[in-house]
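Below is one structure, written out as C-alpha cells, with a few remarks after it.
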Amino acid sequence: MVQYVALLRGITPSNSNMHNNKLRSLFEDIGFQNVQTVLSSGNVIFESQVSNTSEIEDIIEKSLPKQLNFTSTTIVLSRDELQSMVNSEPFNGRRDTSQYKLNVTFLKNKPNNNIEFPYHFENNGFILLGMRENAIYSIVDLTKTKTPNLMRWMEKEFDKNLTTRTWRTVNRILKRLDET
C-alpha cells in the first residue's frame with residue numbers, strides 16, 4: 001500500500017456536503033484505506049494499492065459529484081513526493097510571519113507559459129520564487145495583498161485546474177502521513 005494525499009480544490013466548511021466526515025466516507029466507499037482528513041480545507045490522506053496518481057485523481061473526481069454533489073479539481077501526491085518537496089527547501093529557510101505567507105500552488109497540468117523565476121509583481125504584493133514539478137512556490141506580502149489575489153492571478157495564468165496550500169499546511173499533511 002502506498003500513502004497518498006488528495007488535495008481537493010474549493011472545499012469550504014460552510015457546505016455541509018464538504019465536511020470532513022463526508023469526505024472520509026467518500027474515500028472509504030471508493031475503496032481507499034486508512035483515510036484521514038487534515039484541517040477542513042480538502043486535504044485527505046489515504047492508502048491505496050493503485051500506483052497511478054492520474055487514475056486515482058480520476059476516480060475521486062468522478063465520485064465527488066455522484067456522492068457529494070460537487071465537483072473539484074483533485075491533485076494526488078504520494079507521501080514520497082510530498083517528502084521530496086519539503087526536503088528541497090523551496091523557501092530557502094524562510095518562514096511564515098505576520099507579514100509574509102508562504103504558499104504552494106499545485107498545478108494539475110504542465111504549464112504552457114514561459115515565466116522566468118523569480119517572478120516579481122510590481123506593487124501586487126507577491127513573488128513567485130520558482131517551480132518544481134507541477135508546484136509553484138510563492139510568497140504573499142500580507143501588507144499589500146491577500147492570498148486570494150494570488151490565487152485569482154494563478155487561475156488566469158495557468159487555468160483553474162490547480163489548488164493552493166500554505167507551506168505550513170503542506171508540512172502538517174506530511175507530519176500526519178508520518179504518524180500513520
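All residue names refer to the C-alpha cells as shown: chains lettered A, B, ... in order, residues numbered from 1 in each chain, ligands numbered from 1 in order.
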DSSP-assigned alpha helix (DSSP H) members of range 31-136 of chain A, reported as a ChimeraX atom specification: /A:53-68,79-87
Could the residues in this selection be saved with C-alpha atoms as a PDB file, in the first residue's frame?
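Here's the written file again06.pdb:
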```pdb
ATOM      1  CA  THR A  53      -1.911   9.053  -9.394  1.00  0.00           C
ATOM      2  CA  SER A  54      -3.758  10.190 -12.528  1.00  0.00           C
ATOM      3  CA  GLU A  55      -6.028   7.164 -12.210  1.00  0.00           C
ATOM      4  CA  ILE A  56      -6.654   7.932  -8.525  1.00  0.00           C
ATOM      5  CA  GLU A  57      -7.443  11.582  -9.357  1.00  0.00           C
ATOM      6  CA  ASP A  58      -9.928  10.452 -11.995  1.00  0.00           C
ATOM      7  CA  ILE A  59     -11.657   8.059  -9.594  1.00  0.00           C
ATOM      8  CA  ILE A  60     -12.027  10.787  -6.951  1.00  0.00           C
ATOM      9  CA  GLU A  61     -13.163  13.483  -9.400  1.00  0.00           C
ATOM     10  CA  LYS A  62     -15.853  11.184 -10.830  1.00  0.00           C
ATOM     11  CA  SER A  63     -17.084  10.169  -7.363  1.00  0.00           C
ATOM     12  CA  LEU A  64     -17.414  13.663  -5.857  1.00  0.00           C
ATOM     13  CA  PRO A  65     -20.415  14.855  -7.915  1.00  0.00           C
ATOM     14  CA  LYS A  66     -22.149  11.476  -7.696  1.00  0.00           C
ATOM     15  CA  GLN A  67     -21.872  11.126  -3.938  1.00  0.00           C
ATOM     16  CA  LEU A  68     -21.441  14.649  -2.566  1.00  0.00           C
ATOM     17  CA  ARG A  79       3.924  10.609   0.596  1.00  0.00           C
ATOM     18  CA  ASP A  80       7.367  10.311  -1.023  1.00  0.00           C
ATOM     19  CA  GLU A  81       6.588  13.124  -3.479  1.00  0.00           C
ATOM     20  CA  LEU A  82       5.490  15.370  -0.636  1.00  0.00           C
ATOM     21  CA  GLN A  83       8.606  14.475   1.377  1.00  0.00           C
ATOM     22  CA  SER A  84      10.810  15.263  -1.617  1.00  0.00           C
ATOM     23  CA  MET A  85       9.093  18.641  -1.964  1.00  0.00           C
ATOM     24  CA  VAL A  86       9.708  19.528   1.677  1.00  0.00           C
ATOM     25  CA  ASN A  87      13.297  18.243   1.539  1.00  0.00           C
TER      26      ASN A  87
END
```
Residue contacts of Phe158 in chain A (9 Å, only C-alpha atoms) excluding same-chain residues fewer than 6 positions away, as a ChimeraX atom specification: /A:107,109-113
Env of Gln49 in chain A: 9 Å cut, atoms = only C-alpha atoms, seq-sep filter 2 positions within chain, self excluded. Answer as a CSV table (one decimal) with C-alpha atoms, in the first residue's frame.
```csv
chain,number,residue,atom,x,y,z
A,1,MET,CA,0.0,0.0,0.0
A,2,VAL,CA,1.2,3.5,-0.9
A,32,PHE,CA,-9.1,3.6,-0.1
A,47,GLU,CA,-3.6,4.4,1.3
A,51,SER,CA,0.0,3.3,-8.1
```
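The shortest atom-to-atom distance to Trp153 in chain A, with only C-alpha atoms taken into account, belongs to A:Leu128 out of A:Leu128, A:Ala135, A:Ile45, A:Ile30.
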Minimum-distance residue to Gln3 in chain A, chosen among A:Val44, A:Ser25, A:Met131, A:Glu89 (using only C-alpha atoms): A:Val44
A:Asn92, A:Thr97, A:Ser138, A:Ser40 ranked by distance to Phe117 in chain A, top pick (using only C-alpha atoms): A:Ser138
Every residue of range 29-137 of chain A that DSSP places in strand (DSSP E or B), as a PyMOL selection string: chain A and resi 33-37+43-48+74-78+100-107+119-120+126-132+135-137
Nearest residue to Gln36 in chain A from the set A:Arg24, A:Arg165, A:Lys101, A:Lys156 (distances using only C-alpha atoms):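 Smallest distance to Gln36 in chain A is found for A:Arg24.
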